[in-house]
file coords-v3.pdb (PDB, C-alpha atoms)
ATOM      1  CA  MET A  20       0.000   0.000   0.000
ATOM      2  CA  LEU A  21       2.903   2.367   0.686
ATOM      3  CA  LEU A  22       4.622   1.811  -2.666
ATOM      4  CA  PRO A  23       2.286   4.010  -4.787
ATOM      5  CA  SER A  24       2.553   6.966  -2.388
ATOM      6  CA  VAL A  25       6.340   6.657  -2.180
ATOM      7  CA  SER A  26       6.523   6.520  -5.978
ATOM      8  CA  GLU A  27       4.335   9.632  -6.293
ATOM      9  CA  ALA A  28       6.450  11.524  -3.730
ATOM     10  CA  GLN A  29       9.624  10.806  -5.711
ATOM     11  CA  LYS A  30       8.059  11.561  -9.088
ATOM     12  CA  TRP A  31       9.787  14.944  -9.347
ATOM     13  CA  LYS A  32      13.197  13.214  -9.498
ATOM     14  CA  ARG A  33      12.420  11.664 -12.874
ATOM     15  CA  ASN A  34      12.917  14.900 -14.767
ATOM     16  CA  ARG A  35      14.435  17.907 -13.044
ATOM     17  CA  VAL A  36      15.364  20.103 -16.022
ATOM     18  CA  GLU A  37      13.111  22.706 -17.643
ATOM     19  CA  TYR A  38      13.624  25.326 -20.370
ATOM     20  CA  SER A  39      11.508  28.450 -20.760
ATOM     21  CA  PHE A  40      10.864  31.369 -23.078
ATOM     22  CA  GLY A  41       8.751  34.358 -22.141
ATOM     23  CA  ILE A  42       7.681  37.777 -23.389
ATOM     24  CA  GLY A  43       5.867  40.577 -21.637
ATOM     25  CA  ALA A  44       5.731  44.164 -20.407
ATOM     26  CA  THR A  45       8.260  46.285 -18.500
ATOM     27  CA  ASN A  46       8.113  49.614 -16.698
ATOM     28  CA  PHE A  47      10.838  51.866 -15.334
ATOM     29  CA  LEU A  48      10.851  53.456 -11.878
ATOM     30  CA  GLY A  49      13.502  56.160 -11.730
ATOM     31  CA  ASP A  50      14.089  59.901 -11.922
ATOM     32  CA  LEU A  51      12.377  60.691 -15.221
ATOM     33  CA  GLY A  52       8.680  60.947 -15.979
ATOM     34  CA  GLY A  53       6.357  59.038 -13.673
ATOM     35  CA  ALA A  54       3.238  59.989 -11.770
ATOM     36  CA  ASP A  55       2.078  63.548 -11.065
ATOM     37  CA  GLN A  56       4.104  63.832  -7.860
ATOM     38  CA  VAL A  57       7.644  64.172  -6.552
ATOM     39  CA  GLY A  58       9.700  61.356  -8.013
ATOM     40  CA  THR A  59      10.148  57.980  -6.355
ATOM     41  CA  ASN A  60      11.314  54.571  -7.558
ATOM     42  CA  GLY A  61       8.337  52.912  -5.856
ATOM     43  CA  LEU A  62       5.093  51.684  -7.390
ATOM     44  CA  ARG A  63       3.475  55.063  -6.718
ATOM     45  CA  ASP A  64       5.540  56.434  -9.604
ATOM     46  CA  PHE A  65       4.144  53.985 -12.163
ATOM     47  CA  GLU A  66       3.491  55.573 -15.576
ATOM     48  CA  ILE A  67       1.571  53.253 -17.884
ATOM     49  CA  GLU A  68       2.501  55.192 -21.053
ATOM     50  CA  MET A  69       6.133  54.251 -20.473
ATOM     51  CA  THR A  70       5.389  50.524 -20.618
ATOM     52  CA  ARG A  71       7.793  48.739 -22.932
ATOM     53  CA  MET A  72       8.572  45.110 -23.787
ATOM     54  CA  GLY A  73      10.893  42.428 -22.518
ATOM     55  CA  ALA A  74      11.844  38.821 -23.269
ATOM     56  CA  VAL A  75      13.337  36.006 -21.181
ATOM     57  CA  LEU A  76      15.247  32.783 -21.807
ATOM     58  CA  GLY A  77      15.549  30.507 -18.784
ATOM     59  CA  TYR A  78      16.954  27.238 -17.476
ATOM     60  CA  ARG A  79      15.363  25.705 -14.356
ATOM     61  CA  TYR A  80      16.557  22.784 -12.215
ATOM     62  CA  GLN A  81      14.599  21.123  -9.422
ATOM     63  CA  LEU A  82      16.591  20.617  -6.219
ATOM     64  CA  GLY A  83      13.806  19.216  -4.078
ATOM     65  CA  GLU A  84      10.082  18.691  -3.969
ATOM     66  CA  SER A  85       9.448  22.445  -3.500
ATOM     67  CA  TRP A  86      12.831  24.047  -4.284
ATOM     68  CA  PHE A  87      14.263  25.103  -7.644
ATOM     69  CA  VAL A  88      17.218  27.070  -8.998
ATOM     70  CA  ARG A  89      17.251  28.789 -12.365
ATOM     71  CA  GLY A  90      19.370  30.941 -14.616
ATOM     72  CA  ASN A  91      17.755  33.685 -16.713
ATOM     73  CA  PHE A  92      18.904  35.842 -19.579
ATOM     74  CA  ASP A  93      16.597  38.841 -20.053
ATOM     75  CA  TYR A  94      16.256  41.547 -22.656
ATOM     76  CA  VAL A  95      14.481  44.569 -21.184
ATOM     77  CA  MET A  96      13.569  47.910 -22.725
ATOM     78  CA  VAL A  97      12.860  50.820 -20.360
ATOM     79  CA  ALA A  98      12.011  54.488 -20.916
ATOM     80  CA  GLY A  99      11.007  57.680 -19.121
ATOM     81  CA  ASP A 100       9.820  61.120 -20.246
ATOM     82  CA  ASP A 101       9.224  64.256 -18.183
ATOM     83  CA  ALA A 102       6.635  65.416 -20.720
ATOM     84  CA  LEU A 103       4.217  62.806 -19.334
ATOM     85  CA  THR A 104       4.127  64.101 -15.761
ATOM     86  CA  ALA A 105       2.195  67.121 -14.515
ATOM     87  CA  GLU A 106       4.479  67.570 -11.494
ATOM     88  CA  PRO A 107       5.811  71.110 -12.198
ATOM     89  CA  ALA A 108       9.518  70.703 -11.447
ATOM     90  CA  ARG A 109       9.841  67.430 -13.317
ATOM     91  CA  HIS A 110       7.812  68.651 -16.286
ATOM     92  CA  ARG A 111       9.977  71.799 -16.667
ATOM     93  CA  ARG A 112      13.113  69.682 -16.659
ATOM     94  CA  LYS A 113      12.236  68.279 -20.146
ATOM     95  CA  LEU A 114      14.475  65.234 -19.866
ATOM     96  CA  SER A 115      13.737  61.888 -21.506
ATOM     97  CA  PHE A 116      15.528  58.612 -22.189
ATOM     98  CA  ARG A 117      15.329  55.018 -23.304
ATOM     99  CA  SER A 118      17.687  52.128 -22.614
ATOM    100  CA  HIS A 119      18.074  48.539 -23.738
ATOM    101  CA  LEU A 120      19.047  46.361 -20.763
ATOM    102  CA  LEU A 121      20.699  42.942 -20.891
ATOM    103  CA  GLU A 122      20.289  41.035 -17.648
ATOM    104  CA  LEU A 123      21.900  37.778 -16.514
ATOM    105  CA  SER A 124      20.778  36.386 -13.150
ATOM    106  CA  ALA A 125      20.697  33.336 -10.882
ATOM    107  CA  GLN A 126      17.523  32.834  -8.872
ATOM    108  CA  GLY A 127      16.063  30.535  -6.254
ATOM    109  CA  GLU A 128      12.418  29.512  -6.330
ATOM    110  CA  TYR A 129      10.111  28.048  -3.672
ATOM    111  CA  MET A 130       6.774  26.432  -4.494
ATOM    112  CA  LEU A 131       4.057  27.709  -2.157
ATOM    113  CA  VAL A 132       1.163  25.802  -3.759
ATOM    114  CA  LYS A 133       1.595  22.689  -5.887
ATOM    115  CA  GLN A 134      -0.645  21.927  -8.791
ATOM    116  CA  LYS A 135      -3.058  19.045  -8.358
ATOM    117  CA  SER A 136      -5.302  17.569 -10.996
ATOM    118  CA  GLY A 137      -8.262  15.240 -11.231
ATOM    119  CA  HIS A 138     -11.123  14.950  -8.766
ATOM    120  CA  MET A 139     -11.409  14.245  -5.083
ATOM    121  CA  TYR A 140     -13.482  11.173  -5.886
ATOM    122  CA  ARG A 141     -12.152   8.747  -8.473
ATOM    123  CA  LEU A 142     -15.085   6.363  -8.588
ATOM    124  CA  ARG A 143     -16.411   5.763 -12.077
ATOM    125  CA  GLY A 144     -19.467   7.889 -12.754
ATOM    126  CA  VAL A 145     -19.008  10.004  -9.618
ATOM    127  CA  ARG A 146     -17.920  13.608 -10.100
ATOM    128  CA  GLY A 147     -16.147  15.288  -7.236
ATOM    129  CA  LYS A 148     -14.637  18.682  -6.560
ATOM    130  CA  SER A 149     -11.677  19.645  -8.794
ATOM    131  CA  TRP A 150      -8.387  20.474  -7.158
ATOM    132  CA  PHE A 151      -6.625  23.816  -7.602
ATOM    133  CA  ARG A 152      -4.901  23.525 -10.990
ATOM    134  CA  PHE A 153      -2.153  26.152 -10.617
ATOM    135  CA  GLU A 154       1.247  26.246  -8.970
ATOM    136  CA  VAL A 155       2.097  29.375  -6.974
ATOM    137  CA  TYR A 156       5.723  30.217  -6.230
ATOM    138  CA  VAL A 157       7.980  33.027  -5.042
ATOM    139  CA  PHE A 158      11.500  33.709  -6.224
ATOM    140  CA  GLY A 159      14.507  35.929  -5.640
ATOM    141  CA  GLY A 160      18.108  36.148  -6.740
ATOM    142  CA  ILE A 161      21.023  38.251  -7.878
ATOM    143  CA  GLY A 162      22.530  39.174 -11.214
ATOM    144  CA  GLY A 163      23.999  41.913 -13.328
ATOM    145  CA  ILE A 164      22.775  44.225 -16.101
ATOM    146  CA  TRP A 165      24.342  46.216 -18.908
ATOM    147  CA  PHE A 166      22.561  49.463 -19.771
ATOM    148  CA  ASN A 167      23.073  52.301 -22.242
ATOM    149  CA  PRO A 168      20.788  55.353 -21.857
ATOM    150  CA  GLN A 169      19.886  57.277 -25.018
ATOM    151  CA  SER A 170      17.762  60.286 -25.902
ATOM    152  CA  ARG A 171      16.648  62.104 -29.055
ATOM    153  CA  ASN A 172      18.489  65.203 -30.210
ATOM    154  CA  LYS A 173      16.856  68.205 -31.902
ATOM    155  CA  GLN A 174      16.943  66.370 -35.240
ATOM    156  CA  GLY A 175      15.094  63.382 -33.767
ATOM    157  CA  ASP A 176      18.060  60.994 -33.818
ATOM    158  CA  TRP A 177      18.902  58.724 -30.888
ATOM    159  CA  VAL A 178      22.133  59.717 -29.123
ATOM    160  CA  THR A 179      24.054  57.765 -26.455
ATOM    161  CA  LEU A 180      24.188  59.872 -23.289
ATOM    162  CA  LYS A 181      26.919  58.214 -21.228
ATOM    163  CA  ASP A 182      29.851  59.742 -23.117
ATOM    164  CA  LEU A 183      28.324  63.247 -23.097
ATOM    165  CA  ASN A 184      28.939  63.718 -19.351
ATOM    166  CA  THR A 185      25.607  65.482 -18.865
ATOM    167  CA  GLU A 186      26.117  66.037 -15.131
ATOM    168  CA  GLY A 187      29.657  67.343 -15.477
ATOM    169  CA  GLN A 188      31.523  64.072 -15.121
ATOM    170  CA  GLY A 189      35.224  64.743 -15.407
ATOM    171  CA  LEU A 190      34.881  68.450 -14.593
ATOM    172  CA  PRO A 191      35.877  70.122 -11.287
ATOM    173  CA  GLY A 192      33.322  69.206  -8.626
ATOM    174  CA  GLY A 193      31.420  66.908 -10.968
ATOM    175  CA  PRO A 194      30.521  63.264 -10.218
ATOM    176  CA  LYS A 195      32.503  60.254 -11.363
ATOM    177  CA  ASP A 196      31.820  58.517 -14.672
ATOM    178  CA  TYR A 197      29.414  55.579 -14.507
ATOM    179  CA  THR A 198      30.266  52.275 -16.148
ATOM    180  CA  GLY A 199      27.019  51.034 -17.682
ATOM    181  CA  PHE A 200      27.084  47.863 -15.547
ATOM    182  CA  THR A 201      25.395  47.273 -12.194
ATOM    183  CA  VAL A 202      24.187  44.563  -9.835
ATOM    184  CA  VAL A 203      20.482  43.744  -9.873
ATOM    185  CA  MET A 204      18.280  41.815  -7.430
ATOM    186  CA  PRO A 205      15.145  40.279  -9.016
ATOM    187  CA  TYR A 206      12.280  39.100  -6.811
ATOM    188  CA  GLY A 207       8.608  38.344  -7.357
ATOM    189  CA  ILE A 208       5.771  35.848  -7.531
ATOM    190  CA  GLY A 209       4.549  33.503 -10.251
ATOM    191  CA  LEU A 210       1.720  31.213 -11.370
ATOM    192  CA  ARG A 211       2.155  28.103 -13.484
ATOM    193  CA  ARG A 212      -0.229  25.601 -15.067
ATOM    194  CA  ASN A 213       0.728  22.318 -16.660
ATOM    195  CA  LEU A 214      -0.580  21.802 -20.181
ATOM    196  CA  GLY A 215       0.009  18.066 -20.363
ATOM    197  CA  GLY A 216       2.629  15.443 -21.100
ATOM    198  CA  ASN A 217       4.775  13.166 -18.981
ATOM    199  CA  ALA A 218       8.399  12.241 -18.314
ATOM    200  CA  ARG A 219       8.612  10.011 -21.393
ATOM    201  CA  GLN A 220       6.972  12.439 -23.818
ATOM    202  CA  GLY A 221       8.072  15.768 -22.400
ATOM    203  CA  ASN A 222       5.926  18.199 -20.453
ATOM    204  CA  TRP A 223       4.627  21.690 -21.309
ATOM    205  CA  ALA A 224       3.464  24.413 -18.932
ATOM    206  CA  ILE A 225       2.400  28.057 -19.198
ATOM    207  CA  GLY A 226       3.312  30.636 -16.569
ATOM    208  CA  LEU A 227       2.820  34.226 -15.475
ATOM    209  CA  GLU A 228       5.405  36.116 -13.399
ATOM    210  CA  LEU A 229       5.275  39.548 -11.800
ATOM    211  CA  SER A 230       8.630  40.828 -10.590
ATOM    212  CA  MET A 231      10.568  43.847  -9.395
ATOM    213  CA  ARG A 232      14.224  44.553 -10.126
ATOM    214  CA  LYS A 233      16.182  46.466  -7.493
ATOM    215  CA  THR A 234      19.405  47.920  -8.893
ATOM    216  CA  PHE A 235      22.457  49.471  -7.273
ATOM    217  CA  ASN A 236      22.876  52.295  -9.761
ATOM    218  CA  ASP A 237      21.088  55.601 -10.324
ATOM    219  CA  TYR A 238      22.281  56.278 -13.879
ATOM    220  CA  ILE A 239      20.131  53.880 -15.903
ATOM    221  CA  ASP A 240      18.287  57.033 -17.068
ATOM    222  CA  ASP A 241      21.496  59.177 -17.082
ATOM    223  CA  VAL A 242      20.072  61.308 -14.244
ATOM    224  CA  SER A 243      21.204  61.221 -10.620
ATOM    225  CA  THR A 244      22.702  64.340  -9.020
ATOM    226  CA  SER A 245      22.699  68.103  -9.724
ATOM    227  CA  TYR A 246      22.872  70.415 -12.730
ATOM    228  CA  TYR A 247      26.335  71.318 -13.887
ATOM    229  CA  GLY A 248      25.979  74.560 -15.834
ATOM    230  CA  SER A 249      25.315  73.888 -19.520
ATOM    231  CA  ASP A 250      27.711  76.697 -20.524
ATOM    232  CA  PHE A 251      30.543  74.882 -18.734
ATOM    233  CA  ILE A 252      29.553  71.559 -20.306
ATOM    234  CA  ARG A 253      29.403  73.192 -23.747
ATOM    235  CA  ALA A 254      32.936  74.530 -23.349
ATOM    236  CA  ALA A 255      34.242  71.114 -22.318
ATOM    237  CA  TYR A 256      32.138  68.664 -24.355
ATOM    238  CA  GLY A 257      30.269  70.559 -27.067
ATOM    239  CA  ASP A 258      26.782  71.789 -27.959
ATOM    240  CA  GLU A 259      25.071  68.398 -27.964
ATOM    241  CA  ALA A 260      26.288  67.576 -24.459
ATOM    242  CA  ALA A 261      25.051  70.996 -23.246
ATOM    243  CA  TYR A 262      21.613  70.409 -24.766
ATOM    244  CA  PHE A 263      21.128  67.025 -23.100
ATOM    245  CA  ALA A 264      22.450  68.346 -19.796
ATOM    246  CA  ASP A 265      19.584  70.862 -19.639
ATOM    247  CA  PRO A 266      17.017  70.898 -22.480
ATOM    248  CA  SER A 267      15.074  73.585 -20.576
ATOM    249  CA  GLY A 268      17.971  76.043 -20.977
ATOM    250  CA  VAL A 269      17.572  77.339 -17.401
ATOM    251  CA  TYR A 270      20.730  76.168 -15.639
ATOM    252  CA  THR A 271      23.508  77.663 -17.737
ATOM    253  CA  ASP A 272      25.739  78.541 -14.757
ATOM    254  CA  HIS A 273      25.576  76.221 -11.748
ATOM    255  CA  THR A 274      27.662  78.593  -9.592
ATOM    256  CA  LYS A 275      25.263  81.543  -9.506
ATOM    257  CA  TYR A 276      22.619  79.882  -7.314
ATOM    258  CA  GLY A 277      24.905  79.443  -4.334
ATOM    259  CA  GLU A 278      24.065  75.741  -4.025
ATOM    260  CA  PRO A 279      23.633  72.893  -6.520
ATOM    261  CA  GLN A 280      20.220  72.698  -8.203
ATOM    262  CA  GLN A 281      18.662  69.259  -8.128
ATOM    263  CA  ARG A 282      18.538  67.331 -11.410
ATOM    264  CA  GLY A 283      17.919  63.862  -9.943
ATOM    265  CA  ASP A 284      17.806  62.094  -6.589
ATOM    266  CA  LYS A 285      20.931  60.052  -5.913
ATOM    267  CA  LYS A 286      19.410  58.677  -2.682
ATOM    268  CA  ASP A 287      16.981  56.505  -4.682
ATOM    269  CA  ASN A 288      18.562  54.021  -7.053
ATOM    270  CA  ASP A 289      16.683  53.116 -10.220
ATOM    271  CA  ALA A 290      14.376  50.101 -10.422
ATOM    272  CA  TYR A 291      12.198  48.409 -13.014
ATOM    273  CA  MET A 292       9.453  45.820 -13.028
ATOM    274  CA  MET A 293       8.387  43.073 -15.397
ATOM    275  CA  GLY A 294       5.255  41.065 -16.179
ATOM    276  CA  ILE A 295       6.147  37.974 -18.213
ATOM    277  CA  ILE A 296       4.055  35.222 -19.794
ATOM    278  CA  SER A 297       6.218  32.159 -20.392
ATOM    279  CA  LEU A 298       6.059  28.811 -22.134
ATOM    280  CA  ASN A 299       8.011  26.125 -20.268
ATOM    281  CA  TYR A 300       9.173  22.715 -21.458
ATOM    282  CA  LYS A 301      10.567  19.703 -19.627
ATOM    283  CA  PRO A 302      12.269  17.510 -22.255
ATOM    284  CA  ALA A 303      11.440  13.835 -22.543
ATOM    285  CA  LYS A 304      13.331  11.533 -20.211
ATOM    286  CA  ARG A 305      15.588   9.113 -22.032
ATOM    287  CA  ARG A 306      14.688   5.512 -21.411
ATOM    288  CA  ARG A 307      17.455   3.179 -20.366
ATOM    289  CA  ASN A 308      18.086   0.144 -22.511
ATOM    290  CA  LEU A 309      16.937  -2.782 -20.437
ATOM    291  CA  PRO A 310      18.138  -6.351 -21.092
ATOM    292  CA  LYS A 311      15.719  -8.534 -22.989
ATOM    293  CA  PHE A 312      14.817 -12.014 -21.786
TER     294      PHE A 312
END
call {"tool": "encode", "arguments": {"input": "coords-v3.pdb", "output": "structure tokens"}}
result
Amino acid sequence: MLLPSVSEAQKWKRNRVEYSFGIGATNFLGDLGGADQVGTNGLRDFEIEMTRMGAVLGYRYQLGESWFVRGNFDYVMVAGDDALTAEPARHRRKLSFRSHLLELSAQGEYMLVKQKSGHMYRLRGVRGKSWFRFEVYVFGGIGGIWFNPQSRNKQGDWVTLKDLNTEGQGLPGGPKDYTGFTVVMPYGIGLRRNLGGNARQGNWAIGLELSMRKTFNDYIDDVSTSYYGSDFIRAAYGDEAAYFADPSGVYTDHTKYGEPQQRGDKKDNDAYMMGIISLNYKPAKRRRNLPKF
């Protein structure tokens, strides 16, 4: 009597590997654009018009009955635009950006609710109550991203901002250059439903994940500290750098105000969130060649 239950409990060991591909929506939480309020990288600063797209390739390995590890490679597009917020100071700033992010991460996953199928009663001709048919899990991990903020110039062409030193990088009193790489911590919750199959044929599942990405950098949007006078930036780096440093044309001389004028908030690092629908596949288990009698 115990053999069937023991076999069912060890069923997960038959095939531990899973591959996944997903696409979905992304949104940036940083210094630019956002809700009609003072900026924050929290959910209160969500701006639906800045929703962009993302894609994920993943490898998942089952460590135990409820524990998994996985590696993900993500392509993420993020954007922000001060023209979309009615908050006066941010709207006057007239800054905007986009960036393509490449993310590589390792994550751990814990299954909160396991999927069950069938009916409570298995007697022929007797219909019982269906079990919950979804898995629910939480996950978290660590990784790294490469980013490259860009914005449109007066001619409408996309220009890379990092090398323009828009906050006076490299000038007296200016901040240090940023590298375009940073650590990221993904965390979130997911739902998964099996679509059918078995260990010998392969198994398909569909999933939905909602996640947040905490970063350790405030320059994903090229904005973090204070204005460095655009006249000084023009003299050092040219007209295009001066334009992107202050499209409003207000802060031409950062020394005349007596104290630095805020351009961004370096106390709040940038973040972004993702909603991904994925298709997941466990490949067929190879059968061992058994001796014939």
call {"tool": "resolve_selection", "arguments": {"input": "coords-v3.pdb", "expression": "the PyMOL selection byres ((chain A and resi 282-295) around 8)", "output": "PyMOL selection string"}}
result
chain A and resi 41-50+59-60+73-74+97+112+227-239+242-246+280-281+296-297
call {"tool": "write_last_selection", "arguments": {"input": "coords-v3.pdb", "atoms": "C-alpha atoms", "output": "PDB file, keeping the file's coordinate frame"}}
result
ATOM      1  CA  GLY A  41       8.751  34.358 -22.141  1.00  0.00           C
ATOM      2  CA  ILE A  42       7.681  37.777 -23.389  1.00  0.00           C
ATOM      3  CA  GLY A  43       5.867  40.577 -21.637  1.00  0.00           C
ATOM      4  CA  ALA A  44       5.731  44.164 -20.407  1.00  0.00           C
ATOM      5  CA  THR A  45       8.260  46.285 -18.500  1.00  0.00           C
ATOM      6  CA  ASN A  46       8.113  49.614 -16.698  1.00  0.00           C
ATOM      7  CA  PHE A  47      10.838  51.866 -15.334  1.00  0.00           C
ATOM      8  CA  LEU A  48      10.851  53.456 -11.878  1.00  0.00           C
ATOM      9  CA  GLY A  49      13.502  56.160 -11.730  1.00  0.00           C
ATOM     10  CA  ASP A  50      14.089  59.901 -11.922  1.00  0.00           C
ATOM     11  CA  THR A  59      10.148  57.980  -6.355  1.00  0.00           C
ATOM     12  CA  ASN A  60      11.314  54.571  -7.558  1.00  0.00           C
ATOM     13  CA  GLY A  73      10.893  42.428 -22.518  1.00  0.00           C
ATOM     14  CA  ALA A  74      11.844  38.821 -23.269  1.00  0.00           C
ATOM     15  CA  VAL A  97      12.860  50.820 -20.360  1.00  0.00           C
ATOM     16  CA  ARG A 112      13.113  69.682 -16.659  1.00  0.00           C
ATOM     17  CA  LEU A 227       2.820  34.226 -15.475  1.00  0.00           C
ATOM     18  CA  GLU A 228       5.405  36.116 -13.399  1.00  0.00           C
ATOM     19  CA  LEU A 229       5.275  39.548 -11.800  1.00  0.00           C
ATOM     20  CA  SER A 230       8.630  40.828 -10.590  1.00  0.00           C
ATOM     21  CA  MET A 231      10.568  43.847  -9.395  1.00  0.00           C
ATOM     22  CA  ARG A 232      14.224  44.553 -10.126  1.00  0.00           C
ATOM     23  CA  LYS A 233      16.182  46.466  -7.493  1.00  0.00           C
ATOM     24  CA  THR A 234      19.405  47.920  -8.893  1.00  0.00           C
ATOM     25  CA  PHE A 235      22.457  49.471  -7.273  1.00  0.00           C
ATOM     26  CA  ASN A 236      22.876  52.295  -9.761  1.00  0.00           C
ATOM     27  CA  ASP A 237      21.088  55.601 -10.324  1.00  0.00           C
ATOM     28  CA  TYR A 238      22.281  56.278 -13.879  1.00  0.00           C
ATOM     29  CA  ILE A 239      20.131  53.880 -15.903  1.00  0.00           C
ATOM     30  CA  VAL A 242      20.072  61.308 -14.244  1.00  0.00           C
ATOM     31  CA  SER A 243      21.204  61.221 -10.620  1.00  0.00           C
ATOM     32  CA  THR A 244      22.702  64.340  -9.020  1.00  0.00           C
ATOM     33  CA  SER A 245      22.699  68.103  -9.724  1.00  0.00           C
ATOM     34  CA  TYR A 246      22.872  70.415 -12.730  1.00  0.00           C
ATOM     35  CA  GLN A 280      20.220  72.698  -8.203  1.00  0.00           C
ATOM     36  CA  GLN A 281      18.662  69.259  -8.128  1.00  0.00           C
ATOM     37  CA  ILE A 296       4.055  35.222 -19.794  1.00  0.00           C
ATOM     38  CA  SER A 297       6.218  32.159 -20.392  1.00  0.00           C
TER      39      SER A 297
END
call {"tool": "resolve_selection", "arguments": {"input": "coords-v3.pdb", "expression": "the PyMOL selection byres ((chain A and resi 78) around 7)", "output": "number ranges by chain"}}
result
A: 37-39, 77, 79-80, 89-91
call {"tool": "resolve_selection", "arguments": {"input": "coords-v3.pdb", "expression": "the PyMOL selection byres ((chain A and resi 253-261) around 12)", "output": "ChimeraX atom specification"}}
result
/A:170-174,176-191,246-252,262-272
call {"tool": "atom_distance", "arguments": {"input": "coords-v3.pdb", "atom1": "CA of Ala303 in chain A", "atom2": "CA of Asn213 in chain A"}}
result
14.9 Å
call {"tool": "residues_around", "arguments": {"input": "coords-v3.pdb", "residues": "Val75 in chain A", "least_positions_apart": "2", "cutoff": "6 Å", "atoms": "all atoms listed in the file", "output": "ChimeraX atom specification"}}
result
/A:40-41,92-93
call {"tool": "closest_residue", "arguments": {"input": "coords-v3.pdb", "among": "A:Ile225, A:Asp101, A:Gln220, A:Trp86", "to": "Ser115 in chain A", "atoms": "all atoms listed in the file"}}
result
A:Asp101
call {"tool": "residues_around", "arguments": {"input": "coords-v3.pdb", "residues": "Val157 in chain A", "least_positions_apart": "4", "cutoff": "7 Å", "atoms": "all atoms listed in the file", "output": "PDB file with C-alpha atoms, in the coordinates of the input"}}
result
ATOM      1  CA  GLU A 128      12.418  29.512  -6.330  1.00  0.00           C
ATOM      2  CA  TYR A 129      10.111  28.048  -3.672  1.00  0.00           C
ATOM      3  CA  MET A 130       6.774  26.432  -4.494  1.00  0.00           C
ATOM      4  CA  GLY A 207       8.608  38.344  -7.357  1.00  0.00           C
ATOM      5  CA  ILE A 208       5.771  35.848  -7.531  1.00  0.00           C
ATOM      6  CA  GLY A 209       4.549  33.503 -10.251  1.00  0.00           C
TER       7      GLY A 209
END
call {"tool": "decode", "arguments": {"input": "coords-v3.pdb", "residues": "range 112-124 of chain A", "atoms": "N, CA and C atoms", "output": "tab-separated table (two decimals), in the first residue's frame"}}
result
chain	number	residue	atom	x	y	z
A	112	ARG	N	11.77	70.21	-16.43
A	112	ARG	CA	13.11	69.68	-16.66
A	112	ARG	C	13.30	69.21	-18.11
A	113	LYS	N	12.25	68.66	-18.73
A	113	LYS	CA	12.24	68.28	-20.15
A	113	LYS	C	13.25	67.19	-20.52
A	114	LEU	N	13.55	66.33	-19.57
A	114	LEU	CA	14.47	65.23	-19.87
A	114	LEU	C	13.70	63.98	-20.29
A	115	SER	N	14.33	63.15	-21.08
A	115	SER	CA	13.74	61.89	-21.51
A	115	SER	C	14.86	60.91	-21.85
A	116	PHE	N	14.51	59.62	-21.87
A	116	PHE	CA	15.53	58.61	-22.19
A	116	PHE	C	14.85	57.31	-22.59
A	117	ARG	N	15.65	56.43	-23.15
A	117	ARG	CA	15.33	55.02	-23.30
A	117	ARG	C	16.62	54.23	-23.10
A	118	SER	N	16.50	52.97	-22.74
A	118	SER	CA	17.69	52.13	-22.61
A	118	SER	C	17.32	50.67	-22.86
A	119	HIS	N	18.20	49.98	-23.57
A	119	HIS	CA	18.07	48.54	-23.74
A	119	HIS	C	18.93	47.88	-22.65
A	120	LEU	N	18.33	47.03	-21.85
A	120	LEU	CA	19.05	46.36	-20.76
A	120	LEU	C	19.25	44.89	-21.11
A	121	LEU	N	20.42	44.37	-20.81
A	121	LEU	CA	20.70	42.94	-20.89
A	121	LEU	C	20.98	42.46	-19.48
A	122	GLU	N	20.20	41.50	-19.03
A	122	GLU	CA	20.29	41.03	-17.65
A	122	GLU	C	20.60	39.54	-17.61
A	123	LEU	N	21.56	39.17	-16.76
A	123	LEU	CA	21.90	37.78	-16.51
A	123	LEU	C	21.80	37.55	-15.01
A	124	SER	N	21.01	36.56	-14.59
A	124	SER	CA	20.78	36.39	-13.15
A	124	SER	C	20.66	34.92	-12.77
